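**Student:** Before I ask anything, here is the structure I am working with.
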Amino acid sequence: MRGTAYHPAVEREILFTGIGGQGVQLAARTLAEAAVADGRRVQLFASYGGMMRGGNSDSVLVVADEAVRAPPMVSSAWGAVVMHHEHAALAWSIVRPGGPAVVNSSIVAPEALEGRSDISVIPVAALDRAGALGAPMAASLVLVGVLAAATGLVSEDALLSTPERVLPSYRREAAAANRQALADGLSLVTLTHPAWSADPVST
Amino acid sequence: MERGLVVTRQLAEGSAIVAHALVEAGCRFFAGYPMTPFTEVLEHMAEALPPVGGLCVNAESELEAVGMVWGAAATGARAATGSTGQGLSLMQESIAEATMAGIGFVVLNMARGQGDYFQATRGGGHGDYRTPVLAPSGPADVTQLVAEAFDLADRWRNPVLVVGDYYLAHTWVDIEVSAGPTVPRPAPAWALDGTSGGSGRAKLVSPLGTAKQRDGVGYDLSEHYAACDRRRQEMTAGITPRSESSAVDDAEIVVVAYGTMSRLAAGAVAELRAAGHRVGLIRPITLWPFPAADVLRAADGARMVVVYENNAGQMIDDVRLALLGATPVVGINGFRTDSSAFGIAPDATVDALCSSVRSLLGGGR
């Protein structure tokens, strides 16, 4: 613009999807807060219906190494966090080939994955693991921990610093359990889809 | 930002940034009736106003909300209300009357899409009035434009609209948020102070005029209406229409878009330019007065103007009026919306706009 060459920023779009009540929005907020703590630029768009529970709950997070130019409404995404098969179709339709999709295999039926063998699915029994920690409501944060470990999208320190910041004051007592869930996810996998080095994923 | 003392970069939701902007601009009275995505701003105002000595009221309806704001503004307070377009339909009578009473306040339209362009720029109320309309592109400039809206409301003693949408309300961004005291603004000399005489202040502020105790009995309405008309003409002449444009000088296609759509268009123009296509963008910042001369200038030399809006085609009328046939105008609008009914258009994306513009470029003359 203004006559200078346009250098596209590295932008990583993550779609979070599930049903209301599964912690989809909290998961997206948590990853966004961690990215800001790392000094990245972010935009996050939350979309959910009027139902408290059971309706679709989506969020698109864009993390970039410079200011995000366009609003976070995307027709394709780098990766996904999938909490429920009910609304997983969007993820299967927009994640680019090779992209990481961290999937809540406690709930998501295997047949939901059919048709997109080119997505790099990372199944995690998030609900079972969070339940074992005594915090089933933190299942989505196990997936966030896994995504962070698999991609390096955010640093471990930044991620573990977020729970107090993202919770409203009346839910602050859940911060410790949420941090445990994040740590559990971080411990499960190693770096396979680096977000910030040479891009292994077609862009 | 220069108004504040402490600046931190933090993750904030658009609706919270709008509320912060209102408080920073000195708004100390806010009333509204919940309706998504205006509700989110109302909730943040309920939290933000008491600590600074302000008052936020969840009114019984939009009619009461705008009436309360009228009352607060008549005492000289910086006051604001808002809703979605549906709620603003209910407020039109009061907005029209406020222009005749010479009362300035800010009205937010946190709209469901951009279907309220006509409502905002023409007004749905009675009489020969106008309301300035400012359209932030998103969280990044809403703070500045809300402050300017209050300045315009004070300067012209007229309601001023700020139009946003669900995207603005629900997008979280990392942003520098200032926190510092705002300088209290002295009540204007005409403002009501509760006395009925002796203070030199008005006793009555109404659509029939502003009267003091000694003004005598009765009103000359023809004189009052003539004065309103003079003020409207001064306001029309006194507000410089504003826009921002990029890459229009050598553009074959110039895109016109406001609000959220202008940022999608900016993303598309950047991508198309990177691919060597000569495409530019002009974004109206004031929707009224409409920056017609800027649009005409931006379109100079272009073979086509594309109006990109999240409605069935409304601003396109103003663009056609600005160009008066000088350049062909094509609308990209009429997007399907998702099941939330909040004006979210899944097909309004940078990629989709790039592809539409590419086919227009390839389509020849």
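We label chains A, B, ... in the order they appear in the structure tokens, count residues from 1 in each chain, and number ligands from 1 in the order shown.
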Can you pull out every residue within 10 Å of Val10 in chain A, counting only C-alpha atoms, but drop anything in the same chain fewer than 5 positions away, and send it as a list in words?

**Tutor:**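 Once the adjacent positions are removed, what remains is Val62, Val63, Ala64, Asp65, Glu66, Val68, Ala195, Trp196, Asp199 and Thr203 of chain A.
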
**Student:** Keeping only C-alpha atoms, write the selected residues to a file as a PDB file, in the first residue's frame.

**Tutor:**
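Listing of part07.pdb after writing:
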```
ATOM      1  CA  VAL A  62      -5.444 -15.169  14.357  1.00  0.00           C
ATOM      2  CA  VAL A  63      -1.942 -14.936  15.845  1.00  0.00           C
ATOM      3  CA  ALA A  64       0.628 -12.967  13.904  1.00  0.00           C
ATOM      4  CA  ASP A  65       4.096 -11.561  14.165  1.00  0.00           C
ATOM      5  CA  GLU A  66       2.804  -8.115  13.230  1.00  0.00           C
ATOM      6  CA  VAL A  68      -3.373  -8.395  11.982  1.00  0.00           C
ATOM      7  CA  ALA A 195       4.115 -22.424  13.922  1.00  0.00           C
ATOM      8  CA  TRP A 196       6.932 -19.926  13.619  1.00  0.00           C
ATOM      9  CA  ASP A 199       6.377 -23.516   7.503  1.00  0.00           C
ATOM     10  CA  THR A 203      -0.141 -21.635   3.222  1.00  0.00           C
TER      11      THR A 203
END
```

**Student:** Using only C-alpha atoms, determine which residues of chain B fall within 6 Å of chain A; present them as a PyMOL selection string.

**Tutor:** chain B and resi 170-174+247+263-264+267+274+340+349

**Student:** Using only C-alpha atoms, which of the listed residues (B:Arg78, B:His277, B:Arg28, B:Arg112) sits closest to Ile344 in chain B?

**Tutor:**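 Among the listed residues, the smallest separation from Ile344 in chain B belongs to B:Arg112.
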
**Student:** Just list as a list of chain:residue names whatever in range 206-269 of chain B DSSP marks as strand (DSSP E or B).

**Tutor:**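 So, restricting range 206-269 of chain B to strand (DSSP E or B), we get B:Ser206, B:Gly209, B:Thr210, B:Ala211, B:Ser243, B:Glu244, B:Ser245, B:Ser246, B:Ile253, B:Val254, B:Val255, B:Val256.
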
**Student:** Taking 6 positions as the minimum chain separation for residues in the same chain, which residues sit within 8 Å of Thr327 in chain B when counting only C-alpha atoms? Answer as a list in words.

**Tutor:**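 Contacts, in chain order: Ala299, Ala302, Arg303, Met304 and Val305 of chain B.
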
**Student:** Applying 10 Å and only C-alpha atoms, which residues near Asp58 in chain A remain after dropping the ones on its own chain fewer than 5 positions away? List them as a PyMOL selection string.

**Tutor:** chain A and resi 15-20+24-25+28+45-49+81-82+87-88+90-91

**Student:** Can you list every residue in range 19-181 of chain A that DSSP puts in helix (DSSP H, G or I), as a PyMOL selection string?

**Tutor:** chain A and resi 24-37+85-87+89-94+110-113+126-132+136-151+156-160+163-166+169-181
